[in-house]
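Take a look at the structure below.
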Amino acid sequence: MKPLMIVLDDWEGRIAVSEVWRQIEGQVEIHFFNGSDAIDPGICEHVLIIMALRERTVIDEKFLMRFPRLQLILQTGGHAYHIDLAAAKSRGVAIVLGRGAKMPLVSVPELTIAMMLNLFHKIIPAQYAMRNGEWPGLMGRTLSGKRLGILGMGRHGSRVANIAKDAFGMDVVAWDRRNVKNESLFGSPLLCLEELLATCDVVSIHLRLSNESAGLINSEKLSLMKTGAILINTSRGAIVDELALINALQRKQLAGAGLDVFEEEPLPVDSPLRSMDKVVLTPHIGWTVEEVFEEFAHIACVQLQAWLKGELFVTELT
């Protein structure tokens, strides 16, 4: 009997149509699902491998109990926030991250810049007005010459910085957790967080979620931001206090926000953010582009082939 693998949460159906699976045709039986609840219990008891699409399904003790023979989780992306690592370890389930993907390094910065352009040039309000037969007299602003503050100059933040400087002539500064002032990172001066918030026209978040970053942008930090500034978050929703952000927008402390991530996903239907004109919302799509999914499938296929040969090196996650 061939090893059975299931792919979770292939909502878009993009993983299922990847050509890479032809490489292991006949070696593994693969089933694709657009959720985890719909999996037949008769299949669950035979599953040896699970490929998980980012953090769409919480993999906890209750989830793992459904798969008594599970040996391997191929986790796309570079983290496993949503997996109960202790529960997986106690059941002898190995977890391998899909590190090495290059495409998210492009797609997330592209979305970040798109949000800035939308908010500064009022593209979405203009679109709605035009569809309603109007010819609105909207007044926008240029990115050129504005100061952009980047929280987290890692893979995404550094690319956003380069685009902002080279393409738009923005003045880019950054904050690093070391809080070292009068230094630079990738050519951008490092400021303390308070100075960055107070002097930037746009603040863009590119931090990893951690105990230190969770709730970092709270009501106190938002009150420090320059009046009329814009906040962009394409990182993790938990980094921003959502209620505090709503209050800052309502009292016009901020001129707008671009959000791809939220404290609760999907964003509740009754969230005030959904009805705010000066907010650009996207449903966590910074990484959901065809090229990223194809790369995820490729990496998972390579890892699966190594596992089948007994050559997969697994590093214990903490």
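Lettering and numbering for the structure tokens are positional, with chains as A, B, ... in the shown order, residues counted from 1 in each chain, and ligands counted from 1 in the shown order.
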Can you list every residue in stretch 61-162 of chain A that DSSP puts in strand (DSSP E or B), as an NGL selection string? :A and (72-75 or 83 or 94-97 or 147-151)
How would the residues just chosen look if you wrote them out with N, CA and C atoms as a JSON list (two decimals), in the first residue's frame?
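Saved to result16.json:
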```
[["chain", "number", "residue", "atom", "x", "y", "z"],
["A", 72, "LEU", "N", 4.66, 12.62, 9.54],
["A", 72, "LEU", "CA", 5.36, 13.78, 9.02],
["A", 72, "LEU", "C", 4.39, 14.90, 8.65],
["A", 73, "ILE", "N", 4.73, 16.12, 9.04],
["A", 73, "ILE", "CA", 3.99, 17.31, 8.61],
["A", 73, "ILE", "C", 4.93, 18.17, 7.78],
["A", 74, "LEU", "N", 4.58, 18.37, 6.52],
["A", 74, "LEU", "CA", 5.32, 19.29, 5.65],
["A", 74, "LEU", "C", 4.65, 20.65, 5.78],
["A", 75, "GLN", "N", 5.27, 21.52, 6.55],
["A", 75, "GLN", "CA", 4.67, 22.82, 6.86],
["A", 75, "GLN", "C", 5.22, 23.89, 5.93],
["A", 83, "ILE", "N", 1.09, 25.21, 15.36],
["A", 83, "ILE", "CA", 1.25, 23.80, 15.68],
["A", 83, "ILE", "C", 1.64, 23.62, 17.14],
["A", 94, "ALA", "N", 7.15, 14.24, 13.02],
["A", 94, "ALA", "CA", 8.20, 15.18, 12.61],
["A", 94, "ALA", "C", 7.58, 16.33, 11.84],
["A", 95, "ILE", "N", 8.13, 17.53, 12.04],
["A", 95, "ILE", "CA", 7.64, 18.73, 11.35],
["A", 95, "ILE", "C", 8.80, 19.33, 10.57],
["A", 96, "VAL", "N", 8.58, 19.54, 9.29],
["A", 96, "VAL", "CA", 9.61, 20.13, 8.43],
["A", 96, "VAL", "C", 9.06, 21.41, 7.84],
["A", 97, "LEU", "N", 9.78, 22.49, 8.02],
["A", 97, "LEU", "CA", 9.36, 23.78, 7.49],
["A", 97, "LEU", "C", 9.76, 23.93, 6.03],
["A", 147, "ARG", "N", 8.56, 60.49, 4.38],
["A", 147, "ARG", "CA", 9.40, 59.63, 5.23],
["A", 147, "ARG", "C", 8.67, 58.33, 5.53],
["A", 148, "LEU", "N", 9.33, 57.23, 5.22],
["A", 148, "LEU", "CA", 8.81, 55.89, 5.49],
["A", 148, "LEU", "C", 9.59, 55.27, 6.64],
["A", 149, "GLY", "N", 8.88, 54.83, 7.64],
["A", 149, "GLY", "CA", 9.50, 54.13, 8.77],
["A", 149, "GLY", "C", 9.18, 52.65, 8.71],
["A", 150, "ILE", "N", 10.20, 51.83, 8.72],
["A", 150, "ILE", "CA", 10.02, 50.38, 8.61],
["A", 150, "ILE", "C", 10.36, 49.72, 9.95],
["A", 151, "LEU", "N", 9.40, 48.97, 10.46],
["A", 151, "LEU", "CA", 9.62, 48.21, 11.69],
["A", 151, "LEU", "C", 10.00, 46.79, 11.29]]
```
DSSP alpha helix (DSSP H) selection over stretch 67-157 of chain A, as number ranges by chain: A: 85-90, 104-121, 123-131, 155-157
Based on the selection just made, write C-alpha atoms of those residues as a PDB file, in the first residue's frame.
```pdb
ATOM      1  CA  LEU A  85       4.961  21.267  18.994  1.00  0.00           C
ATOM      2  CA  ALA A  86       4.892  19.389  22.295  1.00  0.00           C
ATOM      3  CA  ALA A  87       1.853  17.372  21.235  1.00  0.00           C
ATOM      4  CA  ALA A  88       3.455  16.561  17.884  1.00  0.00           C
ATOM      5  CA  LYS A  89       6.700  15.480  19.533  1.00  0.00           C
ATOM      6  CA  SER A  90       4.898  13.279  22.066  1.00  0.00           C
ATOM      7  CA  PRO A 104       7.096  35.687  -0.720  1.00  0.00           C
ATOM      8  CA  LEU A 105      10.090  38.021  -0.630  1.00  0.00           C
ATOM      9  CA  VAL A 106       8.613  39.647  -3.708  1.00  0.00           C
ATOM     10  CA  SER A 107       4.869  39.355  -3.195  1.00  0.00           C
ATOM     11  CA  VAL A 108       4.586  40.823   0.313  1.00  0.00           C
ATOM     12  CA  PRO A 109       6.684  43.937  -0.479  1.00  0.00           C
ATOM     13  CA  GLU A 110       4.693  44.422  -3.698  1.00  0.00           C
ATOM     14  CA  LEU A 111       1.428  44.409  -1.735  1.00  0.00           C
ATOM     15  CA  THR A 112       2.907  46.810   0.813  1.00  0.00           C
ATOM     16  CA  ILE A 113       3.823  49.317  -1.890  1.00  0.00           C
ATOM     17  CA  ALA A 114       0.432  48.829  -3.570  1.00  0.00           C
ATOM     18  CA  MET A 115      -1.308  49.749  -0.325  1.00  0.00           C
ATOM     19  CA  MET A 116       0.782  52.904   0.030  1.00  0.00           C
ATOM     20  CA  LEU A 117      -0.061  53.951  -3.534  1.00  0.00           C
ATOM     21  CA  ASN A 118      -3.752  53.210  -3.030  1.00  0.00           C
ATOM     22  CA  LEU A 119      -3.954  55.276   0.132  1.00  0.00           C
ATOM     23  CA  PHE A 120      -1.917  58.217  -1.125  1.00  0.00           C
ATOM     24  CA  HIS A 121      -3.611  58.419  -4.521  1.00  0.00           C
ATOM     25  CA  ILE A 123      -7.430  54.820  -6.011  1.00  0.00           C
ATOM     26  CA  ILE A 124     -10.184  52.770  -4.376  1.00  0.00           C
ATOM     27  CA  PRO A 125     -12.487  55.748  -3.554  1.00  0.00           C
ATOM     28  CA  ALA A 126     -11.947  56.982  -7.120  1.00  0.00           C
ATOM     29  CA  GLN A 127     -12.841  53.571  -8.520  1.00  0.00           C
ATOM     30  CA  TYR A 128     -16.082  53.366  -6.511  1.00  0.00           C
ATOM     31  CA  ALA A 129     -17.082  56.905  -7.488  1.00  0.00           C
ATOM     32  CA  MET A 130     -16.416  56.291 -11.178  1.00  0.00           C
ATOM     33  CA  ARG A 131     -18.502  53.116 -11.124  1.00  0.00           C
ATOM     34  CA  ARG A 155      13.745  40.038   4.145  1.00  0.00           C
ATOM     35  CA  HIS A 156      10.508  41.921   3.505  1.00  0.00           C
ATOM     36  CA  GLY A 157      11.309  45.213   5.201  1.00  0.00           C
TER      37      GLY A 157
END
```
Which of these residues is nearest to A:Ile246, using only C-alpha atoms: A:Gly13, A:Pro272, A:Gly140, A:Gly169?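 Going through A:Gly13, A:Pro272, A:Gly140, A:Gly169 one by one, the smallest distance to A:Ile246 is for A:Pro272.
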May I ask for the distance between atom CA of A:Val302 and atom CA of A:Val20, given in Å to one decimal place?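 Atom-to-atom, atom CA of A:Val302 and atom CA of A:Val20 are spaced 9.2 Å apart.
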Pick out the residues sitting within 12 Å of stretch 23-38 of chain A, and hand them over as JSON, numbers by chain; count only C-alpha atoms, and ignore anything fewer than 2 positions along from it in its own chain. {"A": [1, 2, 3, 4, 5, 6, 7, 8, 9, 10, 11, 12, 13, 14, 15, 16, 17, 18, 19, 20, 21, 40, 41, 42, 43, 44, 46, 47, 48, 49, 50, 51, 52, 53, 55, 56, 57, 58, 59, 63, 64, 66, 67, 297, 298, 300, 301, 302, 303, 304, 305, 306, 307, 308, 309]}
Those same residues - C-alpha atoms - I'd like them written as a PDB file, in the first residue's frame.
```
ATOM      1  CA  MET A   1       0.000   0.000   0.000  1.00  0.00           C
ATOM      2  CA  LYS A   2       1.382   3.405  -1.009  1.00  0.00           C
ATOM      3  CA  PRO A   3       1.958   6.020   1.715  1.00  0.00           C
ATOM      4  CA  LEU A   4      -1.042   8.331   2.016  1.00  0.00           C
ATOM      5  CA  MET A   5      -0.551  12.107   2.079  1.00  0.00           C
ATOM      6  CA  ILE A   6      -3.232  14.757   2.435  1.00  0.00           C
ATOM      7  CA  VAL A   7      -2.912  18.457   1.582  1.00  0.00           C
ATOM      8  CA  LEU A   8      -4.901  20.712   3.893  1.00  0.00           C
ATOM      9  CA  ASP A   9      -6.662  23.959   3.054  1.00  0.00           C
ATOM     10  CA  ASP A  10      -5.959  24.134  -0.661  1.00  0.00           C
ATOM     11  CA  TRP A  11      -8.750  26.735  -0.813  1.00  0.00           C
ATOM     12  CA  GLU A  12      -7.743  28.040  -4.215  1.00  0.00           C
ATOM     13  CA  GLY A  13      -7.058  24.607  -5.693  1.00  0.00           C
ATOM     14  CA  ARG A  14      -3.609  25.804  -6.748  1.00  0.00           C
ATOM     15  CA  ILE A  15      -1.540  23.114  -5.004  1.00  0.00           C
ATOM     16  CA  ALA A  16      -3.633  20.339  -6.536  1.00  0.00           C
ATOM     17  CA  VAL A  17      -2.906  21.432 -10.113  1.00  0.00           C
ATOM     18  CA  SER A  18       0.849  21.749  -9.692  1.00  0.00           C
ATOM     19  CA  GLU A  19       2.853  19.685 -12.163  1.00  0.00           C
ATOM     20  CA  VAL A  20       5.437  18.778  -9.514  1.00  0.00           C
ATOM     21  CA  TRP A  21       3.343  15.893  -8.194  1.00  0.00           C
ATOM     22  CA  ASP A  40     -13.406  11.340   5.951  1.00  0.00           C
ATOM     23  CA  PRO A  41     -12.442   9.547   9.205  1.00  0.00           C
ATOM     24  CA  GLY A  42     -11.762   6.470   7.073  1.00  0.00           C
ATOM     25  CA  ILE A  43      -8.973   8.395   5.362  1.00  0.00           C
ATOM     26  CA  CYS A  44      -7.649   9.964   8.561  1.00  0.00           C
ATOM     27  CA  HIS A  46      -4.356   5.856   7.147  1.00  0.00           C
ATOM     28  CA  VAL A  47      -2.646   9.242   6.713  1.00  0.00           C
ATOM     29  CA  LEU A  48       1.152   9.195   7.110  1.00  0.00           C
ATOM     30  CA  ILE A  49       1.977  12.678   5.761  1.00  0.00           C
ATOM     31  CA  ILE A  50       0.208  16.028   5.935  1.00  0.00           C
ATOM     32  CA  MET A  51       1.094  19.076   3.880  1.00  0.00           C
ATOM     33  CA  ALA A  52      -0.239  22.182   5.660  1.00  0.00           C
ATOM     34  CA  LEU A  53      -0.847  25.498   3.916  1.00  0.00           C
ATOM     35  CA  GLU A  55      -1.403  28.524   9.440  1.00  0.00           C
ATOM     36  CA  ARG A  56      -4.857  27.963   7.958  1.00  0.00           C
ATOM     37  CA  THR A  57      -5.513  24.974  10.244  1.00  0.00           C
ATOM     38  CA  VAL A  58      -4.599  24.901  13.932  1.00  0.00           C
ATOM     39  CA  ILE A  59      -2.746  21.652  14.509  1.00  0.00           C
ATOM     40  CA  PHE A  63      -6.359  17.591  15.578  1.00  0.00           C
ATOM     41  CA  LEU A  64      -3.464  15.134  15.860  1.00  0.00           C
ATOM     42  CA  ARG A  66      -7.593  12.225  14.277  1.00  0.00           C
ATOM     43  CA  PHE A  67      -4.464  10.874  12.552  1.00  0.00           C
ATOM     44  CA  ALA A 297       4.460  22.603  -3.853  1.00  0.00           C
ATOM     45  CA  HIS A 298       7.988  22.216  -5.243  1.00  0.00           C
ATOM     46  CA  ALA A 300       7.150  19.991  -0.277  1.00  0.00           C
ATOM     47  CA  CYS A 301       7.681  17.552  -3.150  1.00  0.00           C
ATOM     48  CA  VAL A 302      11.465  17.643  -2.714  1.00  0.00           C
ATOM     49  CA  GLN A 303      11.076  17.095   1.045  1.00  0.00           C
ATOM     50  CA  LEU A 304       8.644  14.246   0.474  1.00  0.00           C
ATOM     51  CA  GLN A 305      11.014  12.522  -1.957  1.00  0.00           C
ATOM     52  CA  ALA A 306      13.821  12.789   0.600  1.00  0.00           C
ATOM     53  CA  TRP A 307      11.550  11.340   3.298  1.00  0.00           C
ATOM     54  CA  LEU A 308      10.590   8.406   1.099  1.00  0.00           C
ATOM     55  CA  LYS A 309      14.302   7.668   0.647  1.00  0.00           C
TER      56      LYS A 309
END
```
Long-range neighbours of A:Gly215 as a ChimeraX atom specification, 8 Å cut-off, only C-alpha atoms, 5 positions minimum in chain: /A:238-241
Surrounding residues of A:Ser158 excluding itself and chain neighbours under 2 positions, 10 Å, only C-alpha atoms, as JSON, numbers by chain: {"A": [105, 109, 150, 151, 152, 153, 154, 155, 156, 160, 161, 162, 163, 164, 174, 185, 186, 187, 188, 206]}
Requested write-out: N, CA and C atoms of the selected residues, as a PDB file, in the first residue's frame:
```pdb
ATOM      1  N   LEU A 105       9.228  36.851  -0.781  1.00  0.00           N
ATOM      2  CA  LEU A 105      10.090  38.021  -0.630  1.00  0.00           C
ATOM      3  C   LEU A 105       9.714  39.099  -1.633  1.00  0.00           C
ATOM      4  N   PRO A 109       6.296  42.546  -0.226  1.00  0.00           N
ATOM      5  CA  PRO A 109       6.684  43.937  -0.479  1.00  0.00           C
ATOM      6  C   PRO A 109       5.854  44.599  -1.582  1.00  0.00           C
ATOM      7  N   ILE A 150      10.204  51.831   8.725  1.00  0.00           N
ATOM      8  CA  ILE A 150      10.022  50.381   8.614  1.00  0.00           C
ATOM      9  C   ILE A 150      10.357  49.719   9.946  1.00  0.00           C
ATOM     10  N   LEU A 151       9.397  48.967  10.463  1.00  0.00           N
ATOM     11  CA  LEU A 151       9.622  48.207  11.689  1.00  0.00           C
ATOM     12  C   LEU A 151       9.996  46.786  11.291  1.00  0.00           C
ATOM     13  N   GLY A 152      11.274  46.484  11.410  1.00  0.00           N
ATOM     14  CA  GLY A 152      11.742  45.158  11.028  1.00  0.00           C
ATOM     15  C   GLY A 152      12.385  45.164   9.655  1.00  0.00           C
ATOM     16  N   MET A 153      13.699  45.271   9.614  1.00  0.00           N
ATOM     17  CA  MET A 153      14.413  45.333   8.334  1.00  0.00           C
ATOM     18  C   MET A 153      14.960  43.956   7.949  1.00  0.00           C
ATOM     19  N   GLY A 154      14.055  42.998   7.945  1.00  0.00           N
ATOM     20  CA  GLY A 154      14.434  41.664   7.511  1.00  0.00           C
ATOM     21  C   GLY A 154      14.248  41.518   6.011  1.00  0.00           C
ATOM     22  N   ARG A 155      13.853  40.330   5.580  1.00  0.00           N
ATOM     23  CA  ARG A 155      13.745  40.038   4.145  1.00  0.00           C
ATOM     24  C   ARG A 155      12.703  40.918   3.454  1.00  0.00           C
ATOM     25  N   HIS A 156      11.562  41.113   4.104  1.00  0.00           N
ATOM     26  CA  HIS A 156      10.508  41.921   3.505  1.00  0.00           C
ATOM     27  C   HIS A 156      10.780  43.416   3.679  1.00  0.00           C
ATOM     28  N   VAL A 160      11.180  46.416   0.807  1.00  0.00           N
ATOM     29  CA  VAL A 160      10.286  47.585   0.766  1.00  0.00           C
ATOM     30  C   VAL A 160      11.109  48.865   0.809  1.00  0.00           C
ATOM     31  N   ALA A 161      12.134  48.880   1.658  1.00  0.00           N
ATOM     32  CA  ALA A 161      12.994  50.054   1.775  1.00  0.00           C
ATOM     33  C   ALA A 161      13.661  50.374   0.443  1.00  0.00           C
ATOM     34  N   ASN A 162      14.178  49.366  -0.224  1.00  0.00           N
ATOM     35  CA  ASN A 162      14.854  49.586  -1.510  1.00  0.00           C
ATOM     36  C   ASN A 162      13.899  50.136  -2.564  1.00  0.00           C
ATOM     37  N   ILE A 163      12.701  49.551  -2.641  1.00  0.00           N
ATOM     38  CA  ILE A 163      11.723  50.016  -3.622  1.00  0.00           C
ATOM     39  C   ILE A 163      11.327  51.461  -3.321  1.00  0.00           C
ATOM     40  N   ALA A 164      11.051  51.740  -2.049  1.00  0.00           N
ATOM     41  CA  ALA A 164      10.607  53.078  -1.655  1.00  0.00           C
ATOM     42  C   ALA A 164      11.656  54.136  -1.979  1.00  0.00           C
ATOM     43  N   ALA A 174      14.449  53.263   9.877  1.00  0.00           N
ATOM     44  CA  ALA A 174      14.044  51.947  10.375  1.00  0.00           C
ATOM     45  C   ALA A 174      14.180  51.866  11.890  1.00  0.00           C
ATOM     46  N   LEU A 185      20.987  50.368   8.836  1.00  0.00           N
ATOM     47  CA  LEU A 185      20.749  48.990   8.468  1.00  0.00           C
ATOM     48  C   LEU A 185      20.313  48.980   7.008  1.00  0.00           C
ATOM     49  N   PHE A 186      21.076  48.304   6.150  1.00  0.00           N
ATOM     50  CA  PHE A 186      20.809  48.297   4.720  1.00  0.00           C
ATOM     51  C   PHE A 186      20.700  49.719   4.173  1.00  0.00           C
ATOM     52  N   GLY A 187      21.527  50.612   4.697  1.00  0.00           N
ATOM     53  CA  GLY A 187      21.547  51.983   4.201  1.00  0.00           C
ATOM     54  C   GLY A 187      20.474  52.881   4.754  1.00  0.00           C
ATOM     55  N   SER A 188      19.654  52.401   5.703  1.00  0.00           N
ATOM     56  CA  SER A 188      18.603  53.219   6.299  1.00  0.00           C
ATOM     57  C   SER A 188      18.956  53.516   7.757  1.00  0.00           C
ATOM     58  N   HIS A 206       7.005  44.993   9.468  1.00  0.00           N
ATOM     59  CA  HIS A 206       7.566  43.780   8.858  1.00  0.00           C
ATOM     60  C   HIS A 206       8.306  42.971   9.919  1.00  0.00           C
TER      61      HIS A 206
END
```
Grab the atom CA of A:Glu264 to atom CA of A:Ser213 distance for me, in Å with one decimal place. 16.6 Å
Using only C-alpha atoms, which of the listed residues (A:Asp260, A:Gly98, A:Leu138, A:Glu61) sits closest to A:His79?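 Among the listed residues, the smallest separation from A:His79 belongs to A:Gly98.
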Using only C-alpha atoms, pick whichever of A:Gly310, A:Pro266, A:Pro189, A:Gly133 has the shortest atom-to-atom distance to A:Gly237.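 Residue with the minimum atom-to-atom distance to A:Gly237: A:Pro266.
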For A:Thr199, which of A:Asp176, A:Glu311, A:Asp270, A:Asp171 is the closest residue, counting only C-alpha atoms?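 Looking only at the distances to A:Thr199, the closest residue turns out to be A:Asp171.
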Which of these residues is nearest to A:Gly258, using only C-alpha atoms: A:Val172, A:Ile205, A:Val93, A:Ala198?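 For A:Gly258, the nearest of the candidates is A:Ile205.
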Which one of A:Arg54, A:Lys146, A:Arg236, A:Arg22 sits closest to A:Phe293 if you count only C-alpha atoms? A:Arg54
Atomic separation - atom CA of A:Leu196 relative to atom CA of A:Ser235, Å: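 Between atom CA of A:Ser235 and atom CA of A:Leu196 the gap works out to 18.2 Å.
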Tell me, as an mmCIF file with N, CA and C atoms, in the first residue's frame, which residues lie within 7 Å of stretch 218-230 of chain A, counting only C-alpha atoms; anything in the same chain fewer than 6 positions away does not count.
```
data_model
loop_
_atom_site.group_PDB
_atom_site.id
_atom_site.type_symbol
_atom_site.label_atom_id
_atom_site.label_comp_id
_atom_site.auth_asym_id
_atom_site.auth_seq_id
_atom_site.Cartn_x
_atom_site.Cartn_y
_atom_site.Cartn_z
ATOM 1 N N GLU A 194 10.103 55.518 19.258
ATOM 2 C CA GLU A 194 9.316 56.720 19.517
ATOM 3 C C GLU A 194 9.599 57.804 18.477
ATOM 4 N N LEU A 197 8.064 56.790 14.998
ATOM 5 C CA LEU A 197 6.609 56.978 14.940
ATOM 6 C C LEU A 197 6.235 58.452 14.838
ATOM 7 N N ALA A 198 6.969 59.301 15.532
ATOM 8 C CA ALA A 198 6.633 60.720 15.572
ATOM 9 C C ALA A 198 6.988 61.478 14.305
ATOM 10 N N THR A 199 7.888 60.911 13.486
ATOM 11 C CA THR A 199 8.397 61.685 12.351
ATOM 12 C C THR A 199 8.064 61.098 10.980
ATOM 13 N N CYS A 200 7.422 59.932 10.942
ATOM 14 C CA CYS A 200 7.201 59.266 9.652
ATOM 15 C C CYS A 200 5.797 59.516 9.097
ATOM 16 N N ASP A 201 5.734 59.677 7.786
ATOM 17 C CA ASP A 201 4.454 59.825 7.099
ATOM 18 C C ASP A 201 3.786 58.473 6.877
ATOM 19 N N VAL A 202 4.604 57.449 6.753
ATOM 20 C CA VAL A 202 4.113 56.077 6.592
ATOM 21 C C VAL A 202 4.929 55.183 7.518
ATOM 22 N N VAL A 203 4.237 54.309 8.246
ATOM 23 C CA VAL A 203 4.899 53.300 9.075
ATOM 24 C C VAL A 203 4.457 51.938 8.566
ATOM 25 N N VAL A 240 -0.549 44.585 16.112
ATOM 26 C CA VAL A 240 -1.280 45.850 16.268
ATOM 27 C C VAL A 240 -2.523 45.627 17.122
ATOM 28 N N ASP A 241 -2.729 46.497 18.101
ATOM 29 C CA ASP A 241 -3.966 46.503 18.881
ATOM 30 C C ASP A 241 -5.059 47.059 17.973
ATOM 31 N N ALA A 244 -7.392 49.841 19.306
ATOM 32 C CA ALA A 244 -6.663 51.104 19.411
ATOM 33 C C ALA A 244 -6.483 51.738 18.045
ATOM 34 N N ALA A 248 -7.809 55.369 16.714
ATOM 35 C CA ALA A 248 -6.904 56.363 16.127
ATOM 36 C C ALA A 248 -7.413 56.840 14.772
ATOM 37 N N GLN A 253 -6.418 60.757 14.073
ATOM 38 C CA GLN A 253 -4.995 60.794 14.394
ATOM 39 C C GLN A 253 -4.201 60.278 13.196
ATOM 40 N N LEU A 254 -4.745 59.226 12.567
ATOM 41 C CA LEU A 254 -4.151 58.666 11.368
ATOM 42 C C LEU A 254 -5.018 59.002 10.166
ATOM 43 N N ALA A 255 -4.366 59.164 9.021
ATOM 44 C CA ALA A 255 -5.098 59.467 7.791
ATOM 45 C C ALA A 255 -5.595 58.207 7.106
ATOM 46 N N GLY A 256 -5.063 57.068 7.483
ATOM 47 C CA GLY A 256 -5.490 55.835 6.857
ATOM 48 C C GLY A 256 -4.659 54.653 7.304
ATOM 49 N N ALA A 257 -5.052 53.477 6.856
ATOM 50 C CA ALA A 257 -4.317 52.249 7.178
ATOM 51 C C ALA A 257 -4.502 51.249 6.045
#
```
